[in-house]
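Pasted below: target.cif, mmCIF, C-alpha atoms and all ligand atoms; chains and numbers go by the auth columns.
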```cif
data_upload
loop_
_atom_site.group_PDB
_atom_site.id
_atom_site.type_symbol
_atom_site.label_atom_id
_atom_site.label_comp_id
_atom_site.label_asym_id
_atom_site.label_seq_id
_atom_site.Cartn_x
_atom_site.Cartn_y
_atom_site.Cartn_z
_atom_site.B_iso_or_equiv
_atom_site.auth_seq_id
_atom_site.auth_asym_id
ATOM 1 C CA MET A 1 377.817 140.857 6.850 0.00 27 A
ATOM 2 C CA ALA A 2 376.031 143.677 8.571 0.00 28 A
ATOM 3 C CA ASP A 3 372.322 144.003 8.047 0.00 29 A
ATOM 4 C CA ASN A 4 372.343 147.109 5.859 0.00 30 A
ATOM 5 C CA THR A 5 368.644 147.257 5.165 0.00 31 A
ATOM 6 C CA SER A 6 368.011 150.584 3.458 0.00 32 A
ATOM 7 C CA VAL A 7 364.758 152.474 3.625 0.00 33 A
ATOM 8 C CA LEU A 8 363.818 155.438 1.448 0.00 34 A
ATOM 9 C CA VAL A 9 361.352 157.890 2.981 0.00 35 A
ATOM 10 C CA VAL A 10 359.617 160.026 0.361 0.00 36 A
ATOM 11 C CA GLU A 11 357.868 162.828 2.193 0.00 37 A
ATOM 12 C CA ASP A 12 357.933 166.622 1.969 0.00 38 A
ATOM 13 C CA GLU A 13 356.827 167.421 5.517 0.00 39 A
ATOM 14 C CA PRO A 14 359.957 167.603 7.719 0.00 40 A
ATOM 15 C CA ALA A 15 358.002 166.778 10.878 0.00 41 A
ATOM 16 C CA ILE A 16 356.710 163.534 9.350 0.00 42 A
ATOM 17 C CA VAL A 17 360.203 162.649 8.091 0.00 43 A
ATOM 18 C CA GLU A 18 361.499 163.064 11.639 0.00 44 A
ATOM 19 C CA LEU A 19 358.667 160.957 13.021 0.00 45 A
ATOM 20 C CA VAL A 20 359.409 158.193 10.512 0.00 46 A
ATOM 21 C CA LYS A 21 363.124 158.271 11.361 0.00 47 A
ATOM 22 C CA TYR A 22 362.269 158.116 15.036 0.00 48 A
ATOM 23 C CA SER A 23 359.855 155.245 14.448 0.00 49 A
ATOM 24 C CA LEU A 24 362.414 153.140 12.589 0.00 50 A
ATOM 25 C CA ARG A 25 365.437 154.009 14.728 0.00 51 A
ATOM 26 C CA GLU A 26 365.146 150.878 16.830 0.00 52 A
ATOM 27 C CA ALA A 27 365.531 148.664 13.749 0.00 53 A
ATOM 28 C CA GLY A 28 368.969 150.135 12.956 0.00 54 A
ATOM 29 C CA TRP A 29 368.183 150.493 9.246 0.00 55 A
ATOM 30 C CA ASP A 30 369.848 153.025 6.965 0.00 56 A
ATOM 31 C CA ILE A 31 367.314 155.755 6.287 0.00 57 A
ATOM 32 C CA ARG A 32 367.472 157.900 3.153 0.00 58 A
ATOM 33 C CA THR A 33 365.039 160.687 2.426 0.00 59 A
ATOM 34 C CA ALA A 34 363.639 162.519 -0.591 0.00 60 A
ATOM 35 C CA ASP A 35 361.143 165.368 -0.524 0.00 61 A
ATOM 36 C CA THR A 36 359.923 165.130 -4.110 0.00 62 A
ATOM 37 C CA ALA A 37 358.918 162.308 -6.465 0.00 63 A
ATOM 38 C CA ASN A 38 361.757 163.205 -8.837 0.00 64 A
ATOM 39 C CA GLY A 39 364.251 163.269 -5.996 0.00 65 A
ATOM 40 C CA ALA A 40 363.010 159.835 -4.957 0.00 66 A
ATOM 41 C CA TRP A 41 363.449 158.481 -8.479 0.00 67 A
ATOM 42 C CA ASP A 42 367.042 159.784 -8.557 0.00 68 A
ATOM 43 C CA SER A 43 367.763 158.219 -5.191 0.00 69 A
ATOM 44 C CA ILE A 44 366.295 154.861 -6.232 0.00 70 A
ATOM 45 C CA SER A 45 368.217 154.941 -9.513 0.00 71 A
ATOM 46 C CA HIS A 46 371.463 155.416 -7.610 0.00 72 A
ATOM 47 C CA GLY A 47 370.816 152.560 -5.215 0.00 73 A
ATOM 48 C CA LYS A 48 367.773 150.356 -4.869 0.00 74 A
ATOM 49 C CA PRO A 49 366.303 150.584 -1.360 0.00 75 A
ATOM 50 C CA ASP A 50 364.859 147.554 0.427 0.00 76 A
ATOM 51 C CA LEU A 51 361.721 149.433 1.385 0.00 77 A
ATOM 52 C CA VAL A 52 360.048 152.676 0.299 0.00 78 A
ATOM 53 C CA LEU A 53 357.742 154.683 2.563 0.00 79 A
ATOM 54 C CA LEU A 54 355.876 156.905 0.158 0.00 80 A
ATOM 55 C CA ASP A 55 353.788 159.961 0.927 0.00 81 A
ATOM 56 C CA TRP A 56 350.649 160.418 -1.138 0.00 82 A
ATOM 57 C CA MET A 57 350.890 164.202 -1.615 0.00 83 A
ATOM 58 C CA LEU A 58 354.245 165.429 -2.932 0.00 84 A
ATOM 59 C CA PRO A 59 355.091 168.881 -4.347 0.00 85 A
ATOM 60 C CA ASP A 60 355.975 167.820 -7.899 0.00 86 A
ATOM 61 C CA GLN A 61 353.745 164.830 -8.574 0.00 87 A
ATOM 62 C CA SER A 62 351.611 162.450 -6.564 0.00 88 A
ATOM 63 C CA GLY A 63 353.071 159.516 -4.703 0.00 89 A
ATOM 64 C CA LEU A 64 350.635 157.391 -6.660 0.00 90 A
ATOM 65 C CA ARG A 65 352.303 158.443 -9.950 0.00 91 A
ATOM 66 C CA LEU A 66 355.707 157.546 -8.563 0.00 92 A
ATOM 67 C CA LEU A 67 354.341 154.211 -7.412 0.00 93 A
ATOM 68 C CA SER A 68 352.987 153.346 -10.852 0.00 94 A
ATOM 69 C CA ARG A 69 356.315 154.379 -12.381 0.00 95 A
ATOM 70 C CA LEU A 70 358.116 151.994 -10.028 0.00 96 A
ATOM 71 C CA ARG A 71 355.711 149.167 -10.725 0.00 97 A
ATOM 72 C CA ALA A 72 356.163 149.630 -14.474 0.00 98 A
ATOM 73 C CA ASP A 73 359.958 149.412 -14.215 0.00 99 A
ATOM 74 C CA ARG A 74 361.535 145.997 -14.533 0.00 100 A
ATOM 75 C CA ASP A 75 364.332 146.846 -12.088 0.00 101 A
ATOM 76 C CA PHE A 76 362.167 148.444 -9.435 0.00 102 A
ATOM 77 C CA GLN A 77 358.818 146.692 -9.612 0.00 103 A
ATOM 78 C CA GLU A 78 359.606 144.352 -6.720 0.00 104 A
ATOM 79 C CA ILE A 79 360.556 147.064 -4.200 0.00 105 A
ATOM 80 C CA PRO A 80 358.199 146.869 -1.198 0.00 106 A
ATOM 81 C CA VAL A 81 356.207 150.098 -0.836 0.00 107 A
ATOM 82 C CA ILE A 82 354.130 151.375 2.074 0.00 108 A
ATOM 83 C CA MET A 83 351.998 154.428 1.293 0.00 109 A
ATOM 84 C CA LEU A 84 351.823 157.147 3.945 0.00 110 A
ATOM 85 C CA THR A 85 348.528 158.865 3.509 0.00 111 A
ATOM 86 C CA ALA A 86 346.489 161.494 5.261 0.00 112 A
ATOM 87 C CA LYS A 87 343.546 160.284 3.268 0.00 113 A
ATOM 88 C CA SER A 88 341.379 157.818 5.010 0.00 114 A
ATOM 89 C CA MET A 89 338.789 157.474 2.293 0.00 115 A
ATOM 90 C CA GLU A 90 338.272 153.932 1.172 0.00 116 A
ATOM 91 C CA GLU A 91 338.587 154.729 -2.532 0.00 117 A
ATOM 92 C CA ASP A 92 342.032 156.290 -2.042 0.00 118 A
ATOM 93 C CA LYS A 93 343.290 153.257 -0.159 0.00 119 A
ATOM 94 C CA LEU A 94 341.973 151.074 -2.944 0.00 120 A
ATOM 95 C CA ALA A 95 343.674 153.247 -5.579 0.00 121 A
ATOM 96 C CA GLY A 96 346.996 152.816 -3.753 0.00 122 A
ATOM 97 C CA LEU A 97 346.608 149.071 -3.418 0.00 123 A
ATOM 98 C CA ASN A 98 345.446 148.731 -7.028 0.00 124 A
ATOM 99 C CA THR A 99 348.513 150.608 -8.198 0.00 125 A
ATOM 100 C CA GLY A 100 350.715 148.153 -6.353 0.00 126 A
ATOM 101 C CA ALA A 101 351.278 149.480 -2.846 0.00 127 A
ATOM 102 C CA ASP A 102 351.990 146.604 -0.475 0.00 128 A
ATOM 103 C CA ASP A 103 350.470 148.347 2.498 0.00 129 A
ATOM 104 C CA TYR A 104 349.416 151.777 3.654 0.00 130 A
ATOM 105 C CA VAL A 105 349.585 153.681 6.928 0.00 131 A
ATOM 106 C CA THR A 106 347.184 156.525 7.583 0.00 132 A
ATOM 107 C CA LYS A 107 348.531 159.710 9.182 0.00 133 A
ATOM 108 C CA PRO A 108 348.675 160.341 12.037 0.00 134 A
ATOM 109 C CA PHE A 109 350.305 156.977 12.671 0.00 135 A
ATOM 110 C CA SER A 110 351.998 155.705 15.792 0.00 136 A
ATOM 111 C CA PRO A 111 355.752 154.998 15.620 0.00 137 A
ATOM 112 C CA ARG A 112 355.100 151.476 16.839 0.00 138 A
ATOM 113 C CA GLU A 113 352.563 150.795 14.111 0.00 139 A
ATOM 114 C CA LEU A 114 354.858 152.035 11.348 0.00 140 A
ATOM 115 C CA LEU A 115 357.774 149.946 12.591 0.00 141 A
ATOM 116 C CA ALA A 116 355.590 146.848 12.960 0.00 142 A
ATOM 117 C CA ARG A 117 354.169 147.211 9.463 0.00 143 A
ATOM 118 C CA SER A 118 357.598 147.869 7.951 0.00 144 A
ATOM 119 C CA ARG A 119 359.022 144.801 9.653 0.00 145 A
ATOM 120 C CA ALA A 120 356.068 142.661 8.649 0.00 146 A
ATOM 121 C CA LEU A 121 356.375 143.716 5.012 0.00 147 A
ATOM 122 C CA LEU A 122 360.125 143.077 4.920 0.00 148 A
ATOM 123 C CA ARG A 123 359.580 139.665 6.520 0.00 149 A
ATOM 124 C CA ARG A 124 356.994 138.864 3.875 0.00 150 A
ATOM 125 C CA LYS A 125 358.869 140.202 0.856 0.00 151 A
ATOM 126 C CA SER A 126 362.526 139.937 1.865 0.00 152 A
ATOM 127 C CA PRO A 127 362.868 137.358 4.626 0.00 153 A
ATOM 128 C CA HIS A 128 366.642 137.323 4.187 0.00 154 A
ATOM 129 C CA LEU A 129 366.791 140.967 5.320 0.00 155 A
ATOM 130 C CA SER A 130 364.740 141.137 8.450 0.00 156 A
ATOM 131 C CA GLU A 131 365.482 137.758 9.956 0.00 157 A
ATOM 132 C CA ALA A 132 369.200 137.502 9.375 0.00 158 A
ATOM 133 C CA PRO A 133 371.309 137.075 12.496 0.00 159 A
ATOM 134 C CA LEU A 134 374.136 139.571 12.921 0.00 160 A
ATOM 135 C CA ARG A 135 377.553 137.998 13.388 0.00 161 A
ATOM 136 C CA ALA A 136 381.009 139.171 14.309 0.00 162 A
ATOM 137 C CA GLY A 137 383.672 136.648 15.201 0.00 163 A
ATOM 138 C CA SER A 138 382.212 134.234 17.728 0.00 164 A
ATOM 139 C CA VAL A 139 379.279 136.534 18.503 0.00 165 A
ATOM 140 C CA VAL A 140 375.834 135.939 16.985 0.00 166 A
ATOM 141 C CA LEU A 141 372.880 138.223 17.656 0.00 167 A
ATOM 142 C CA ASP A 142 369.509 136.815 16.619 0.00 168 A
ATOM 143 C CA PRO A 143 366.979 139.646 16.144 0.00 169 A
ATOM 144 C CA ASN A 144 364.077 137.189 16.074 0.00 170 A
ATOM 145 C CA SER A 145 364.615 135.748 19.519 0.00 171 A
ATOM 146 C CA CYS A 146 366.491 138.823 20.828 0.00 172 A
ATOM 147 C CA THR A 147 369.277 136.559 22.042 0.00 173 A
ATOM 148 C CA VAL A 148 373.051 136.742 21.810 0.00 174 A
ATOM 149 C CA SER A 149 375.452 133.841 21.829 0.00 175 A
ATOM 150 C CA VAL A 150 379.211 133.632 22.087 0.00 176 A
ATOM 151 C CA ASP A 151 380.866 130.439 20.830 0.00 177 A
ATOM 152 C CA ASN A 152 377.375 128.956 20.409 0.00 178 A
ATOM 153 C CA ALA A 153 376.477 129.480 24.057 0.00 179 A
ATOM 154 C CA GLN A 154 373.703 131.937 24.841 0.00 180 A
ATOM 155 C CA ILE A 155 374.799 134.759 27.137 0.00 181 A
ATOM 156 C CA GLU A 156 372.955 136.903 29.668 0.00 182 A
ATOM 157 C CA ILE A 157 372.605 140.411 28.322 0.00 183 A
ATOM 158 C CA GLY A 158 370.623 143.428 29.495 0.00 184 A
ATOM 159 C CA ASN A 159 368.208 145.273 27.231 0.00 185 A
ATOM 160 C CA ALA A 160 370.387 148.381 26.896 0.00 186 A
ATOM 161 C CA GLU A 161 373.485 146.307 26.137 0.00 187 A
ATOM 162 C CA TYR A 162 371.513 144.275 23.585 0.00 188 A
ATOM 163 C CA LYS A 163 370.445 147.432 21.755 0.00 189 A
ATOM 164 C CA LEU A 164 373.956 148.818 21.880 0.00 190 A
ATOM 165 C CA LEU A 165 375.451 145.601 20.520 0.00 191 A
ATOM 166 C CA LYS A 166 372.846 145.385 17.768 0.00 192 A
ATOM 167 C CA PHE A 167 373.557 148.921 16.642 0.00 193 A
ATOM 168 C CA MET A 168 377.299 148.381 16.673 0.00 194 A
ATOM 169 C CA LEU A 169 377.013 145.081 14.775 0.00 195 A
ATOM 170 C CA ALA A 170 374.988 146.856 12.099 0.00 196 A
ATOM 171 C CA HIS A 171 377.572 149.645 11.874 0.00 197 A
ATOM 172 C CA ARG A 172 380.842 147.858 12.427 0.00 198 A
ATOM 173 C CA GLU A 173 384.282 149.353 11.794 0.00 199 A
ATOM 174 C CA ARG A 174 382.862 152.813 12.409 0.00 200 A
ATOM 175 C CA VAL A 175 383.712 154.989 15.389 0.00 201 A
ATOM 176 C CA PHE A 176 380.834 156.577 17.284 0.00 202 A
ATOM 177 C CA SER A 177 381.113 159.253 19.918 0.00 203 A
ATOM 178 C CA ARG A 178 379.236 158.817 23.177 0.00 204 A
ATOM 179 C CA ALA A 179 376.790 161.493 22.069 0.00 205 A
ATOM 180 C CA GLN A 180 376.159 159.676 18.782 0.00 206 A
ATOM 181 C CA LEU A 181 375.582 156.381 20.553 0.00 207 A
ATOM 182 C CA LEU A 182 373.162 158.055 22.954 0.00 208 A
ATOM 183 C CA ASP A 183 371.278 159.510 20.023 0.00 209 A
ATOM 184 C CA LYS A 184 371.310 156.410 17.805 0.00 210 A
ATOM 185 C CA VAL A 185 370.751 153.745 20.431 0.00 211 A
ATOM 186 C CA TRP A 186 368.654 155.453 23.080 0.00 212 A
ATOM 187 C CA GLY A 187 367.094 158.258 21.097 0.00 213 A
ATOM 188 C CA ASP A 188 366.758 161.979 21.544 0.00 214 A
ATOM 189 C CA HIS A 189 364.355 161.613 24.397 0.00 215 A
ATOM 190 C CA ALA A 190 366.651 159.628 26.616 0.00 216 A
ATOM 191 C CA VAL A 191 367.492 161.491 29.788 0.00 217 A
ATOM 192 C CA ILE A 192 370.837 159.858 30.367 0.00 218 A
ATOM 193 C CA GLU A 193 374.298 161.330 30.442 0.00 219 A
ATOM 194 C CA GLU A 194 377.189 160.512 28.154 0.00 220 A
ATOM 195 C CA ARG A 195 378.977 158.789 31.022 0.00 221 A
ATOM 196 C CA THR A 196 376.152 156.267 31.079 0.00 222 A
ATOM 197 C CA VAL A 197 377.364 155.020 27.702 0.00 223 A
ATOM 198 C CA ASP A 198 380.640 154.004 29.347 0.00 224 A
ATOM 199 C CA VAL A 199 378.710 152.025 31.944 0.00 225 A
ATOM 200 C CA HIS A 200 376.771 150.137 29.270 0.00 226 A
ATOM 201 C CA VAL A 201 379.910 149.481 27.221 0.00 227 A
ATOM 202 C CA LEU A 202 381.565 148.038 30.344 0.00 228 A
ATOM 203 C CA ARG A 203 378.566 145.789 30.968 0.00 229 A
ATOM 204 C CA LEU A 204 378.467 144.763 27.317 0.00 230 A
ATOM 205 C CA ARG A 205 382.141 143.774 27.344 0.00 231 A
ATOM 206 C CA LYS A 206 381.585 141.782 30.520 0.00 232 A
ATOM 207 C CA ALA A 207 378.598 140.016 28.967 0.00 233 A
ATOM 208 C CA LEU A 208 380.577 139.171 25.826 0.00 234 A
ATOM 209 C CA LYS A 209 383.207 137.350 27.900 0.00 235 A
ATOM 210 C CA SER A 210 385.938 136.023 25.582 0.00 236 A
ATOM 211 C CA ALA A 211 384.678 138.217 22.726 0.00 237 A
ATOM 212 C CA ASP A 212 385.003 141.448 24.736 0.00 238 A
ATOM 213 C CA GLY A 213 387.798 142.661 22.451 0.00 239 A
ATOM 214 C CA LEU A 214 385.250 143.324 19.692 0.00 240 A
ATOM 215 C CA ILE A 215 384.248 146.559 21.383 0.00 241 A
ATOM 216 C CA ARG A 216 387.175 148.933 21.017 0.00 242 A
ATOM 217 C CA THR A 217 387.751 152.173 22.845 0.00 243 A
ATOM 218 C CA VAL A 218 388.969 154.841 20.453 0.00 244 A
ATOM 219 C CA ARG A 219 390.784 157.342 22.630 0.00 245 A
ATOM 220 C CA SER A 220 389.197 160.768 22.943 0.00 246 A
ATOM 221 C CA VAL A 221 386.604 159.821 20.306 0.00 247 A
ATOM 222 C CA GLY A 222 384.354 157.004 21.455 0.00 248 A
ATOM 223 C CA TYR A 223 383.751 153.366 20.630 0.00 249 A
ATOM 224 C CA MET A 224 383.691 151.043 17.657 0.00 250 A
ATOM 225 C CA LEU A 225 383.016 147.400 16.961 0.00 251 A
ATOM 226 C CA SER A 226 385.890 145.945 15.021 0.00 252 A
ATOM 227 C CA GLU A 227 386.944 142.471 13.975 0.00 253 A
ATOM 228 C CA LYS A 228 390.363 143.648 12.804 0.00 254 A
HETATM 229 CA CA CA B . 353.054 165.550 1.638 0.00 301 B
#
```

Represent the structure from my file as structure tokens, please.
Amino acid sequence: MADNTSVLVVEDEPAIVELVKYSLREAGWDIRTADTANGAWDSISHGKPDLVLLDWMLPDQSGLRLLSRLRADRDFQEIPVIMLTAKSMEEDKLAGLNTGADDYVTKPFSPRELLARSRALLRRKSPHLSEAPLRAGSVVLDPNSCTVSVDNAQIEIGNAEYKLLKFMLAHRERVFSRAQLLDKVWGDHAVIEERTVDVHVLRLRKALKSADGLIRTVRSVGYMLSEK
């Protein structure tokens, strides 16, 4: 199974939402967003996320109110929650933690810090999510040791190919264009051309040896990882 860890970002400032998405991109998680507390409740009711990143100040009601609503609900009380707060006053942090936040990150936060805290919380609360190896056929990618094996033998793989494989394992049976792969795997800030994707796919197939058929070329569209 793919690691479909889902994260709900509840935040009304578009710039912060983008920063959070950017921060978590590397993890390959599915990111959902809501810009109000009520919108967040709807989203959670339709599908329980594995992690909620919750802004303190929302247009309709405070993030703290939403948090206490979650903690009072039998179905949702276990969802890990990190509060995003511009407030650095000790009493506000305490209010969040007393209401049941698992952690808090004070804005402005660094992308690295947010990702590290999110990973740490998921490891603590849902070890099956963050530590699970990704498998397809004879290929196993272990996110903990950042290693890949084929038929139980560890292979040599470059950093770019590792990231590409990890993304494709998490989103298997889906076709991605070169532009999408550039965006999802390398990020908006990468100064590489679409042709570079072809180079990395070639290297990845070479590294995968007998399992190279997993990475399919979909003519005039892009690439997909498929076991079929
Ligand atoms: Ca806000």

Q | Within 12 Å of ligand CA 301 (chain B) (only C-alpha atoms and all ligand atoms), residues as a ChimeraX atom specification | A | /A:35-43,60-63,79-90,109-113,133

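The shortest atom-to-atom distance to Asp76 (chain A), with only C-alpha atoms taken into account, belongs to A:Arg58 out of A:Arg58, A:Arg161, A:Arg245, A:Arg198.
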
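Closest approach to Ala162 (chain A) among A:Gly248, A:Gly239, A:Gly122, A:Gly54: A:Gly239, based on all atoms listed in the file.
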
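Closest approach to Ser144 (chain A) among A:Val225, A:Leu93, A:Cys172, A:Val78 is made by A:Val78 (distances from all atoms listed in the file).
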
With region 180-188 of chain A as the partner and 8 Å as the cut-off, tabulate the residues of region 214-233 of chain A that qualify, each row holding the nearest pair of atoms and their distance in Å to one decimal, using only C-alpha atoms, sorted by chain and rising number, as a tab-separated table.
```
residue	atom	partner	partner_atom	distance
A:His226	CA	A:Glu187	CA	5.9
A:Val227	CA	A:Glu187	CA	7.2
A:Arg229	CA	A:Glu187	CA	7.0
A:Leu230	CA	A:Glu187	CA	5.3
A:Ala233	CA	A:Ile183	CA	6.0
```

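In this comparison, which uses all atoms listed in the file, the residue of A:Arg221, A:Ser94, A:Asp56, A:Thr125 approaching Ala196 (chain A) most closely is A:Asp56.
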
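A straight line drawn from CA of Val166 (chain A) to CA of Trp55 (chain A) is 18.2 Å long.
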
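A straight line drawn from CA of Ser164 (chain A) to CA of Val176 (chain A) is 5.3 Å long.
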
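Comparing A:Lys235, A:Gly163, A:Ser171, A:Lys210 by their smallest distance to Lys254 (chain A), the closest is A:Gly163 (using all atoms listed in the file).
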
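Note that the spacing between CA of Ser203 (chain A) and CA of Tyr249 (chain A) amounts to 6.5 Å.
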
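Restricting the calculation to all atoms listed in the file, the smallest distance between Asn124 (chain A) and any of A:Arg97, A:Val174, A:Leu148, A:Tyr48 is found for A:Arg97.
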